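To be precise, the following lines are model22.cif, and they hold mmCIF, C-alpha atoms and all ligand atoms.
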data_input
#
loop_
_atom_site.label_atom_id
_atom_site.label_comp_id
_atom_site.auth_asym_id
_atom_site.auth_seq_id
_atom_site.Cartn_x
_atom_site.Cartn_y
_atom_site.Cartn_z
CA MET N 1 89.76 13.59 -10.74
CA GLY N 2 87.69 10.71 -12.12
CA GLU N 3 88.34 8.63 -9.00
CA LEU N 4 87.34 11.52 -6.75
CA LEU N 5 84.08 11.99 -8.60
CA TYR N 6 83.40 8.27 -8.45
CA PHE N 7 84.08 8.39 -4.69
CA ALA N 8 81.64 11.32 -4.36
CA GLU N 9 78.79 9.47 -6.05
CA THR N 10 79.32 6.16 -4.24
CA THR N 11 81.12 5.84 -0.87
CA LEU N 12 80.81 9.49 0.11
CA LEU N 13 77.11 9.46 -0.70
CA TRP N 14 76.55 6.56 1.69
CA MET N 15 78.71 8.14 4.37
CA VAL N 16 76.76 11.39 4.12
CA ALA N 17 73.45 9.51 4.23
CA VAL N 18 74.47 7.68 7.43
CA PHE N 19 75.81 10.91 8.96
CA PHE N 20 72.61 12.76 8.08
CA LEU N 21 70.31 10.09 9.54
CA THR N 22 72.37 9.82 12.74
CA GLY N 23 72.54 13.61 13.15
CA ILE N 24 68.81 14.05 12.57
CA LEU N 25 68.07 11.25 15.04
CA ILE N 26 70.15 12.97 17.75
CA ARG N 27 68.57 16.34 17.02
CA SER N 28 65.05 14.83 17.08
CA LEU N 29 65.75 13.15 20.41
CA PHE N 30 66.84 16.48 21.91
CA PHE N 31 63.75 18.07 20.45
CA VAL N 32 61.28 15.60 22.01
CA VAL N 33 63.15 15.30 25.31
CA ASN N 34 63.20 19.08 25.72
CA ILE N 35 59.47 19.33 25.29
CA PHE N 36 58.75 16.60 27.81
CA ARG N 37 61.38 17.44 30.41
CA SER N 38 60.63 21.15 30.61
CA ARG N 39 59.31 22.01 34.07
CA SER N 40 56.76 24.48 32.74
CA ILE N 41 55.33 21.89 30.39
CA SER N 42 55.46 18.99 32.82
CA ARG N 43 52.94 20.87 34.92
CA ARG N 44 50.58 20.60 31.98
CA SER N 45 48.63 17.58 30.76
CA VAL N 46 50.03 15.04 28.31
CA LEU N 47 47.59 16.44 25.74
CA ASN N 48 49.09 19.91 26.15
CA ARG N 49 52.57 18.55 25.70
CA LEU N 50 51.50 16.77 22.51
CA VAL N 51 49.84 19.96 21.27
CA THR N 52 53.15 21.78 21.83
CA LEU N 53 55.03 19.00 20.03
CA PHE N 54 52.81 18.84 16.94
CA GLY N 55 51.92 22.54 17.05
CA VAL N 56 55.45 23.27 15.86
CA PHE N 57 54.66 21.49 12.58
CA ALA N 58 51.12 22.85 12.17
CA PRO N 59 50.40 25.38 9.44
CA PHE N 60 48.00 27.29 11.68
CA HIS N 61 50.68 28.81 13.81
CA ARG N 62 49.93 32.12 15.55
CA ALA N 63 52.68 33.69 13.44
CA VAL N 64 50.31 33.29 10.49
CA LEU N 65 48.33 36.22 11.80
CA LYS N 66 51.39 38.47 11.88
CA LYS N 67 52.79 37.64 8.42
CA PRO N 68 50.27 35.43 6.56
CA GLY N 69 51.90 35.61 3.09
CA TYR N 70 55.42 35.00 4.30
CA THR N 71 54.37 32.18 6.65
CA ALA N 72 52.44 30.44 3.84
CA ILE N 73 55.48 30.59 1.52
CA ARG N 74 57.78 29.25 4.24
CA TYR N 75 55.39 26.42 5.04
CA LEU N 76 54.97 25.38 1.40
CA PHE N 77 58.74 25.58 0.91
CA HIS N 78 59.48 23.27 3.86
CA VAL N 79 56.79 20.76 2.84
CA CYS N 80 58.24 20.54 -0.71
CA LEU N 81 61.76 20.36 0.71
CA PHE N 82 60.78 17.34 2.77
CA ILE N 83 58.69 15.49 0.16
CA LEU N 84 60.63 15.99 -3.06
CA PRO N 85 64.00 14.33 -2.27
CA ILE N 86 62.24 11.25 -0.86
CA TRP N 87 59.51 10.73 -3.46
CA PHE N 88 61.22 11.98 -6.62
CA SER N 89 61.14 9.10 -9.17
CA GLY N 90 64.88 9.37 -9.97
CA HIS N 91 65.79 8.96 -6.30
CA VAL N 92 63.34 6.07 -5.82
CA SER N 93 64.98 4.30 -8.80
CA LEU N 94 68.41 4.69 -7.17
CA TRP N 95 67.14 2.98 -4.02
CA GLU N 96 65.55 0.24 -6.13
CA GLU N 97 68.80 -0.39 -7.99
CA SER N 98 70.86 -0.35 -4.78
CA ARG N 99 71.69 -3.45 -2.74
CA PHE N 100 68.63 -2.76 -0.57
CA GLU N 101 66.24 -2.96 -3.56
CA TRP N 102 63.75 -0.70 -1.74
CA TYR N 103 60.86 0.69 -3.70
CA TRP N 104 57.99 3.02 -2.89
CA THR N 105 55.52 4.78 -5.17
CA PRO N 106 57.16 7.94 -6.50
CA LEU N 107 55.56 11.30 -7.20
CA PRO N 108 54.28 11.85 -10.75
CA ASP N 109 56.99 13.71 -12.69
CA ASP N 110 54.84 16.77 -13.36
CA TRP N 111 54.23 17.13 -9.58
CA ALA N 112 57.94 16.83 -8.93
CA ASP N 113 58.54 19.55 -11.53
CA ARG N 114 56.05 21.89 -9.90
CA MET N 115 57.53 21.29 -6.46
CA THR N 116 61.06 21.94 -7.73
CA LEU N 117 59.95 25.22 -9.27
CA ALA N 118 58.12 26.14 -6.05
CA ILE N 119 61.31 25.56 -4.03
CA LEU N 120 63.40 27.61 -6.47
CA ALA N 121 60.84 30.43 -6.49
CA ALA N 122 60.79 30.43 -2.67
CA CYS N 123 64.61 30.56 -2.58
CA ALA N 124 64.56 33.54 -4.97
CA PHE N 125 61.98 35.22 -2.74
CA PHE N 126 64.04 34.60 0.45
CA LEU N 127 67.14 35.93 -1.31
CA ALA N 128 65.38 39.10 -2.48
CA ARG N 129 63.87 39.60 0.97
CA ARG N 130 67.28 39.26 2.60
CA ILE N 131 68.76 41.83 0.22
CA VAL N 132 65.91 44.32 0.64
CA LEU N 133 65.65 43.91 4.44
CA LYS N 134 69.39 43.40 4.99
CA ASN N 135 69.69 45.80 7.90
CA ARG N 136 66.43 44.92 9.62
CA HIS N 137 67.26 41.22 9.80
CA ASP N 138 70.95 41.59 10.57
CA THR N 139 71.76 39.53 7.46
CA GLY N 140 75.21 38.03 7.20
CA PHE N 141 77.15 35.99 4.65
CA SER N 142 75.92 32.69 6.14
CA ASP N 143 72.29 33.64 5.43
CA PHE N 144 73.02 33.98 1.71
CA LEU N 145 75.13 30.81 1.75
CA LEU N 146 72.27 28.92 3.37
CA ILE N 147 69.87 29.88 0.57
CA LEU N 148 72.43 29.05 -2.11
CA ILE N 149 73.24 25.61 -0.67
CA THR N 150 69.52 24.84 -0.44
CA ALA N 151 68.73 25.93 -4.00
CA LEU N 152 71.67 24.29 -5.79
CA PRO N 153 70.62 20.59 -5.61
CA PHE N 154 67.14 21.47 -6.87
CA LEU N 155 68.41 23.73 -9.64
CA THR N 156 70.93 21.15 -10.89
CA GLY N 157 68.31 18.39 -10.51
CA TYR N 158 65.82 20.34 -12.62
CA PHE N 159 68.41 20.93 -15.36
CA LEU N 160 69.41 17.26 -15.25
CA THR N 161 65.90 15.87 -15.65
CA HIS N 162 65.11 18.29 -18.48
CA GLY N 163 68.50 18.11 -20.22
CA THR N 164 68.56 21.92 -20.27
CA LEU N 165 72.36 22.25 -20.24
CA ASN N 166 73.24 19.08 -22.18
CA SER N 167 74.59 21.01 -25.15
CA ILE N 168 77.07 23.00 -23.02
CA PRO N 169 80.44 21.16 -22.87
CA PHE N 170 81.26 21.43 -19.13
CA PHE N 171 77.75 20.73 -17.90
CA ASP N 172 77.11 17.70 -20.13
CA THR N 173 79.77 15.82 -18.09
CA TYR N 174 79.75 17.43 -14.67
CA LEU N 175 76.16 18.48 -13.97
CA TRP N 176 75.38 15.10 -12.43
CA TYR N 177 78.32 15.40 -10.05
CA MET N 178 77.34 18.98 -9.20
CA HIS N 179 73.91 17.66 -8.30
CA VAL N 180 75.26 14.82 -6.13
CA ILE N 181 77.88 16.94 -4.32
CA SER N 182 75.53 19.89 -3.72
CA GLY N 183 72.96 17.42 -2.32
CA GLU N 184 75.61 15.98 0.01
CA ILE N 185 76.58 19.45 1.21
CA MET N 186 72.93 20.25 1.87
CA LEU N 187 72.43 17.09 3.94
CA VAL N 188 75.48 17.86 6.09
CA MET N 189 74.30 21.45 6.47
CA ILE N 190 70.88 20.36 7.76
CA VAL N 191 72.53 18.51 10.65
CA PHE N 192 74.33 21.72 11.67
CA LEU N 193 71.39 24.02 11.08
CA PHE N 194 70.04 25.46 14.32
CA TYR N 195 67.56 28.16 15.24
CA ARG N 196 68.59 31.39 16.81
CA THR N 197 66.31 33.58 18.88
CA ARG N 198 67.45 37.16 19.22
CA LEU N 199 66.18 39.91 21.48
CA ARG N 200 66.98 42.98 19.40
CA LYS N 201 68.69 45.57 21.54
CA GLU N 202 67.23 48.41 19.46
CA THR N 203 63.70 47.69 20.72
CA CYS N 204 63.82 45.13 23.57
CA VAL N 205 62.89 46.68 26.92
CA GLY N 206 63.72 43.57 28.97
CA CYS N 207 60.16 42.86 30.17
CA ALA N 208 60.74 39.05 30.02
CA ALA N 209 57.32 38.24 28.52
CA CYS N 210 59.18 36.04 26.01
CA VAL N 211 60.75 34.06 28.85
CA GLU N 212 57.40 33.53 30.57
CA ASN N 213 55.94 32.10 27.35
CA CYS N 214 58.84 29.92 26.23
CA PRO N 215 57.50 26.34 26.53
CA THR N 216 60.88 24.63 26.75
CA GLU N 217 62.65 27.07 29.10
CA THR N 218 65.16 27.70 26.37
CA LEU N 219 64.95 31.36 27.22
CA GLU N 220 65.51 32.32 30.82
CA PHE N 221 66.57 35.40 32.75
CA TYR N 222 68.10 36.22 36.08
CA ASP N 223 68.80 39.51 37.82
CA LYS N 224 72.33 40.09 39.04
CA ASP N 225 73.06 43.33 40.90
CA ALA N 226 71.77 46.07 38.59
CA LEU N 227 71.61 43.87 35.49
CA ARG N 228 68.98 41.55 34.01
CA LEU N 229 70.65 38.83 31.95
CA PHE N 230 68.83 36.76 29.34
CA ARG N 231 70.18 33.33 28.52
CA TYR N 232 69.37 31.07 25.58
CA SER N 233 70.41 27.64 24.38
CA GLN N 234 70.08 26.73 20.75
CA TYR N 235 69.74 23.00 21.26
CA GLN N 236 66.58 23.45 23.35
CA CYS N 237 64.80 25.85 21.02
CA ILE N 238 61.97 24.15 19.11
CA CYS N 239 61.31 27.17 16.91
CA CYS N 240 57.70 27.42 18.16
CA GLY N 241 57.64 31.21 17.73
CA SER N 242 55.92 31.91 21.08
CA CYS N 243 58.59 34.46 22.04
CA VAL N 244 58.04 36.29 18.75
CA ASN N 245 54.27 36.26 19.15
CA VAL N 246 54.11 37.60 22.70
CA CYS N 247 56.79 40.28 22.50
CA PRO N 248 55.00 43.63 22.90
CA GLU N 249 57.88 45.48 21.22
CA ASN N 250 58.37 43.15 18.22
CA ALA N 251 61.92 42.74 19.48
CA ALA N 252 62.16 38.94 19.52
CA THR N 253 63.20 37.41 16.21
CA LEU N 254 63.79 33.86 15.11
CA SER N 255 66.08 32.78 12.30
CA HIS N 256 68.31 29.94 11.14
CA ALA N 257 71.87 29.80 12.38
CA ILE N 258 74.44 27.54 10.84
CA GLY N 259 77.77 26.48 12.29
CA ILE N 260 79.65 23.46 13.61
CA ARG N 261 80.29 25.34 16.87
CA HIS N 262 76.55 25.22 17.66
CA PHE N 263 76.63 21.42 17.54
CA PHE N 264 79.46 21.28 20.06
CA ARG N 265 77.78 23.85 22.29
CA MET N 266 74.49 21.99 22.35
CA LEU N 267 74.48 21.71 26.11
CA SER N 268 75.48 25.24 26.94
CA LYS N 269 73.48 28.38 27.59
CA ASP N 270 74.71 31.76 26.43
CA VAL N 271 73.88 35.24 27.58
CA ILE N 272 72.22 36.88 24.58
CA ARG N 273 71.07 40.16 26.12
CA ASN N 274 71.48 42.24 29.23
CA VAL N 275 69.55 45.29 30.35
CA ASP N 276 70.11 47.73 33.19
CA LEU N 277 67.70 47.57 36.11
CA ALA N 278 66.19 50.59 37.81
CA MET N 279 66.77 50.54 41.59
CA CYS N 280 64.34 51.66 44.24
CA GLU N 281 65.26 55.18 45.36
CA ARG N 282 64.42 54.36 48.94
CA CYS N 283 65.73 50.85 49.68
CA GLY N 284 67.93 50.12 46.64
CA VAL N 285 66.36 46.85 45.46
CA ALA N 286 65.89 46.20 41.75
CA ILE N 287 62.47 47.26 40.48
CA ALA N 288 62.28 46.65 36.74
CA PRO N 289 64.38 47.20 33.61
CA LYS N 290 65.21 50.88 33.15
CA LEU N 291 64.03 50.73 29.54
CA GLN N 292 60.68 49.37 30.66
CA THR N 293 60.09 52.05 33.30
CA ALA N 294 61.24 54.72 30.82
CA LYS N 295 58.74 53.39 28.31
CA LEU N 296 55.99 53.49 30.92
CA GLY N 297 57.08 57.00 31.88
CA SER N 298 56.82 58.11 28.24
CA ILE N 299 53.23 56.89 28.08
CA LEU N 300 52.08 58.40 31.40
CA THR N 301 51.86 62.13 32.07
CA ALA N 302 54.53 63.68 34.32
CA ASN N 303 51.98 63.97 37.09
CA ASP N 304 51.01 60.30 36.81
CA VAL N 305 54.67 59.26 36.91
CA GLU N 306 55.14 61.15 40.13
CA MET N 307 51.90 59.80 41.56
CA ALA N 308 52.75 56.21 40.62
CA LEU N 309 56.19 56.52 42.23
CA LEU N 310 57.76 54.52 39.41
CA ASN N 311 61.19 54.81 40.98
CA HIS N 312 60.10 53.10 44.19
CA CYS N 313 59.71 49.38 44.70
CA ASN N 314 56.33 47.98 45.64
CA ARG N 315 57.24 47.66 49.31
CA CYS N 316 58.37 51.28 49.59
CA LYS N 317 55.31 52.77 47.95
CA PRO N 318 52.60 54.08 50.22
CA ARG N 319 49.88 51.48 50.65
CA LYS N 320 47.22 53.46 48.74
CA ILE N 321 49.45 53.58 45.58
CA ARG N 322 50.41 49.93 45.91
CA THR N 323 46.83 48.78 46.00
CA GLY N 324 45.38 51.47 43.75
S1 LIG K 1 59.23 40.08 25.32
FE1 LIG K 1 60.27 41.40 23.82
S2 LIG K 1 60.72 43.30 24.95
FE2 LIG K 1 60.24 41.73 26.49
S3 LIG K 1 62.27 40.87 27.04
FE3 LIG K 1 61.43 39.57 25.39
S4 LIG K 1 62.26 40.45 23.50
FE4 LIG K 1 62.54 42.00 25.10
S1 LIG K 2 61.06 29.82 19.59
FE1 LIG K 2 61.19 31.15 21.37
S2 LIG K 2 59.54 30.46 22.72
FE2 LIG K 2 59.87 28.81 21.24
S3 LIG K 2 61.35 27.43 22.22
FE3 LIG K 2 62.54 28.87 20.97
S4 LIG K 2 63.08 30.51 22.41
FE4 LIG K 2 61.40 29.37 23.36
#
Would you mind writing the file's structure down as structure tokens?
Ligand code: SF4
Ligand code: SF4
Amino acid sequence: MGELLYFAETTLLWMVAVFFLTGILIRSLFFVVNIFRSRSISRRSVLNRLVTLFGVFAPFHRAVLKKPGYTAIRYLFHVCLFILPIWFSGHVSLWEESRFEWYWTPLPDDWADRMTLAILAACAFFLARRIVLKNRHDTGFSDFLLILITALPFLTGYFLTHGTLNSIPFFDTYLWYMHVISGEIMLVMIVFLFYRTRLRKETCVGCAACVENCPTETLEFYDKDALRLFRYSQYQCICCGSCVNVCPENAATLSHAIGIRHFFRMLSKDVIRNVDLAMCERCGVAIAPKLQTAKLGSILTANDVEMALLNHCNRCKPRKIRTG
């Protein structure tokens, strides 16, 4: 047992650090390449491409307008999550004492404390939100696990620095190892953490506005016979939120997805939604998704529906309706 713990705090720690840096480098390369190779973006100026690139990290995202409180908490959480492990004085000391003897100015301890508490409070908030909105967000076991794995290194780190559990027999010996191992698990998890865009079948009408506004062509659709199929690839998604912002039905959602299988399917595209197409009553070509025409029909009066000849394609409509 002692040897295993020693392995976890020495060799394994270095192995995980190298794995994490390599994984993040690969993921970052995909991220940048996808922004610059996308055909829809390459038609734009270099400035526009850079705006897309850095816009992902900006706090003034359009999603702010939809959920300002939630977006602010998420932003603060991610900033603390990035800064704290790098600039925490205990971690800086470890680097200084290592063979590299690297040193950089650490955060004051009271700042580190506040950031740790902010991360833990945010985790508690995400957990409560998941429980309360379980059905709306299609919450699964992995969502809870994700929050737990994220919170554990910070919780154990806080107890370690304050000696909170020192008087409890098990924790006085093993809390340090719990901190190291939970940190290692979190680093590995980050490499396998992807985004997942969903088009919720309960409300999505298949209009494809999300596809038109996806800057990296991660989302795409094609019509096959009487079906419209939406495809999505997780490796290309930059989590910009454009699909969520433009969806008129609030049907597009964006969340984290964790799993080794995503890493090995980085180059594939999966069908994530299909909708039936309405066919022209006269010539039989596809007109639009049935759900979309039904929605339009529910807004218009019966007379207008008949007048607009919704079940005819544009070519089969009389000229005066087509142009009017
Ligand atoms: S924009 Fe919304 S309603 Fe339209 S296809 Fe995308 S998710 Fe569905
Ligand atoms: S978040 Fe939506 S719009 Fe942005 S890249 Fe991903 S799928 Fe495309």
Next item on the list: Please give me, as a count of residues only, the residues lying within 8 Å of ligand LIG 2 (chain K) when counting all atoms listed in the file.
Entry: 24
Next item on the list: May I ask you to write as JSON, numbers by chain all residues lying at most 8 Å from ligand LIG 1 (chain K), with only C-alpha atoms and all ligand atoms counted?
Entry: {"N": [198, 199, 200, 201, 203, 204, 205, 206, 207, 208, 209, 210, 211, 243, 244, 246, 247, 248, 249, 250, 251, 252, 253]}
Output C-alpha atoms for every residue in that selection, as a PDB file, keeping the file's coordinate frame.
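See selection.pdb below for the written result:
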ATOM      1  CA  ARG N 198      67.450  37.160  19.220  1.00  0.00           C
ATOM      2  CA  LEU N 199      66.180  39.910  21.480  1.00  0.00           C
ATOM      3  CA  ARG N 200      66.980  42.980  19.400  1.00  0.00           C
ATOM      4  CA  LYS N 201      68.690  45.570  21.540  1.00  0.00           C
ATOM      5  CA  THR N 203      63.700  47.690  20.720  1.00  0.00           C
ATOM      6  CA  CYS N 204      63.820  45.130  23.570  1.00  0.00           C
ATOM      7  CA  VAL N 205      62.890  46.680  26.920  1.00  0.00           C
ATOM      8  CA  GLY N 206      63.720  43.570  28.970  1.00  0.00           C
ATOM      9  CA  CYS N 207      60.160  42.860  30.170  1.00  0.00           C
ATOM     10  CA  ALA N 208      60.740  39.050  30.020  1.00  0.00           C
ATOM     11  CA  ALA N 209      57.320  38.240  28.520  1.00  0.00           C
ATOM     12  CA  CYS N 210      59.180  36.040  26.010  1.00  0.00           C
ATOM     13  CA  VAL N 211      60.750  34.060  28.850  1.00  0.00           C
ATOM     14  CA  CYS N 243      58.590  34.460  22.040  1.00  0.00           C
ATOM     15  CA  VAL N 244      58.040  36.290  18.750  1.00  0.00           C
ATOM     16  CA  VAL N 246      54.110  37.600  22.700  1.00  0.00           C
ATOM     17  CA  CYS N 247      56.790  40.280  22.500  1.00  0.00           C
ATOM     18  CA  PRO N 248      55.000  43.630  22.900  1.00  0.00           C
ATOM     19  CA  GLU N 249      57.880  45.480  21.220  1.00  0.00           C
ATOM     20  CA  ASN N 250      58.370  43.150  18.220  1.00  0.00           C
ATOM     21  CA  ALA N 251      61.920  42.740  19.480  1.00  0.00           C
ATOM     22  CA  ALA N 252      62.160  38.940  19.520  1.00  0.00           C
ATOM     23  CA  THR N 253      63.200  37.410  16.210  1.00  0.00           C
TER      24      THR N 253
END
Check: Quick one: distance from atom CA of Phe170 of chain N to atom CA of Ala112 of chain N in Å, one decimal?
Finding: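 So the answer is 25.9 Å.
Our summary of the geometry notes that atom CA of Phe100 of chain N is positioned 17.8 Å from atom CA of Pro85 of chain N.
All residues of protein, DNA or RNA that reach within 10 Å of Leu84 of chain N, judged by all atoms listed in the file and not counting those fewer than 6 positions away in the chain, are N:His91, N:Pro106, N:Leu107, N:Trp111, N:Ala112, N:Asp113, N:Met115, N:Thr116, N:Ile119, N:Phe154.
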Keeping C-alpha atoms, export the residues of the selection given above as a PDB file, in the coordinates of the input.
ATOM      1  CA  HIS N  91      65.790   8.960  -6.300  1.00  0.00           C
ATOM      2  CA  PRO N 106      57.160   7.940  -6.500  1.00  0.00           C
ATOM      3  CA  LEU N 107      55.560  11.300  -7.200  1.00  0.00           C
ATOM      4  CA  TRP N 111      54.230  17.130  -9.580  1.00  0.00           C
ATOM      5  CA  ALA N 112      57.940  16.830  -8.930  1.00  0.00           C
ATOM      6  CA  ASP N 113      58.540  19.550 -11.530  1.00  0.00           C
ATOM      7  CA  MET N 115      57.530  21.290  -6.460  1.00  0.00           C
ATOM      8  CA  THR N 116      61.060  21.940  -7.730  1.00  0.00           C
ATOM      9  CA  ILE N 119      61.310  25.560  -4.030  1.00  0.00           C
ATOM     10  CA  PHE N 154      67.140  21.470  -6.870  1.00  0.00           C
TER      11      PHE N 154
END
Item checked: Atom pair atom CA of Leu145 of chain N / atom CA of Ala257 of chain N: separation (Å) -> 11.2 Å
Check: Nearest to Val32 of chain N among N:Tyr222, N:Tyr177, N:Tyr6, N:Tyr235, with distances taken over all atoms listed in the file: which residue is it?
Finding: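 Of all the options, N:Tyr235 lies closest to Val32 of chain N.
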Per residue of segment 129-159 of chain N within 12 Å of segment 188-191 of chain N, which atom pair is closest and at what distance in Å (one decimal), using all atoms listed in the file, listed by chain and increasing number, as a tab-separated table?
residue	atom	partner	partner_atom	distance
N:Ser142	CA	N:Met189	CA	11.4
N:Leu145	CA	N:Met189	CA	10.5
N:Leu146	CA	N:Met189	CA	8.3
N:Ile147	CA	N:Met189	CA	11.2
N:Leu148	CA	N:Met189	CA	11.6
N:Ile149	CA	N:Met189	CA	8.3
N:Thr150	CA	N:Met189	CA	9.1
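Residue nearest Asp270 of chain N within the list N:Lys290, N:Arg231, N:Arg282, N:Lys224: N:Arg231 [criterion: smallest interatomic distance, all atoms listed in the file].
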Check: Taking all atoms listed in the file into account, which of N:Leu76, N:Val271, N:Cys123, N:Ala286 comes nearest Asp225 of chain N?
Finding: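 Of all the options, N:Ala286 lies closest to Asp225 of chain N.
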Check: Looking at only C-alpha atoms, which of N:Cys313, N:Met279, N:Ala122, N:Leu193 is the one that sits closest to Ile24 of chain N?
Finding: N:Leu193
Margin query: Nearest residue to Thr293 of chain N out of N:Leu127, N:Ile272, N:Cys280, N:Ile260, using all atoms listed in the file?
Written below: N:Cys280
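For the set N:Leu13, N:Leu160, N:Ala278, N:Ala151, the residue with the smallest atom-to-atom gap to Tyr174 of chain N is N:Leu160, counting all atoms listed in the file.
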Next item on the list: Please provide as an MDAnalysis selection string all residues within 12 Å of Trp14 of chain N, with the sequence filter that same-chain residues fewer than 2 positions apart are discarded (counting all atoms listed in the file).
Entry: chainID N and resid 7:12 16:21 95 98:99 180 184 187
Quick one: write out the picked residues with C-alpha atoms as an mmCIF file, in the frame of the given file?
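Output below, filename again-v3.cif:
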data_model
loop_
_atom_site.group_PDB
_atom_site.id
_atom_site.type_symbol
_atom_site.label_atom_id
_atom_site.label_comp_id
_atom_site.auth_asym_id
_atom_site.auth_seq_id
_atom_site.Cartn_x
_atom_site.Cartn_y
_atom_site.Cartn_z
ATOM 1 C CA PHE N 7 84.080 8.390 -4.690
ATOM 2 C CA ALA N 8 81.640 11.320 -4.360
ATOM 3 C CA GLU N 9 78.790 9.470 -6.050
ATOM 4 C CA THR N 10 79.320 6.160 -4.240
ATOM 5 C CA THR N 11 81.120 5.840 -0.870
ATOM 6 C CA LEU N 12 80.810 9.490 0.110
ATOM 7 C CA VAL N 16 76.760 11.390 4.120
ATOM 8 C CA ALA N 17 73.450 9.510 4.230
ATOM 9 C CA VAL N 18 74.470 7.680 7.430
ATOM 10 C CA PHE N 19 75.810 10.910 8.960
ATOM 11 C CA PHE N 20 72.610 12.760 8.080
ATOM 12 C CA LEU N 21 70.310 10.090 9.540
ATOM 13 C CA TRP N 95 67.140 2.980 -4.020
ATOM 14 C CA SER N 98 70.860 -0.350 -4.780
ATOM 15 C CA ARG N 99 71.690 -3.450 -2.740
ATOM 16 C CA VAL N 180 75.260 14.820 -6.130
ATOM 17 C CA GLU N 184 75.610 15.980 0.010
ATOM 18 C CA LEU N 187 72.430 17.090 3.940
#
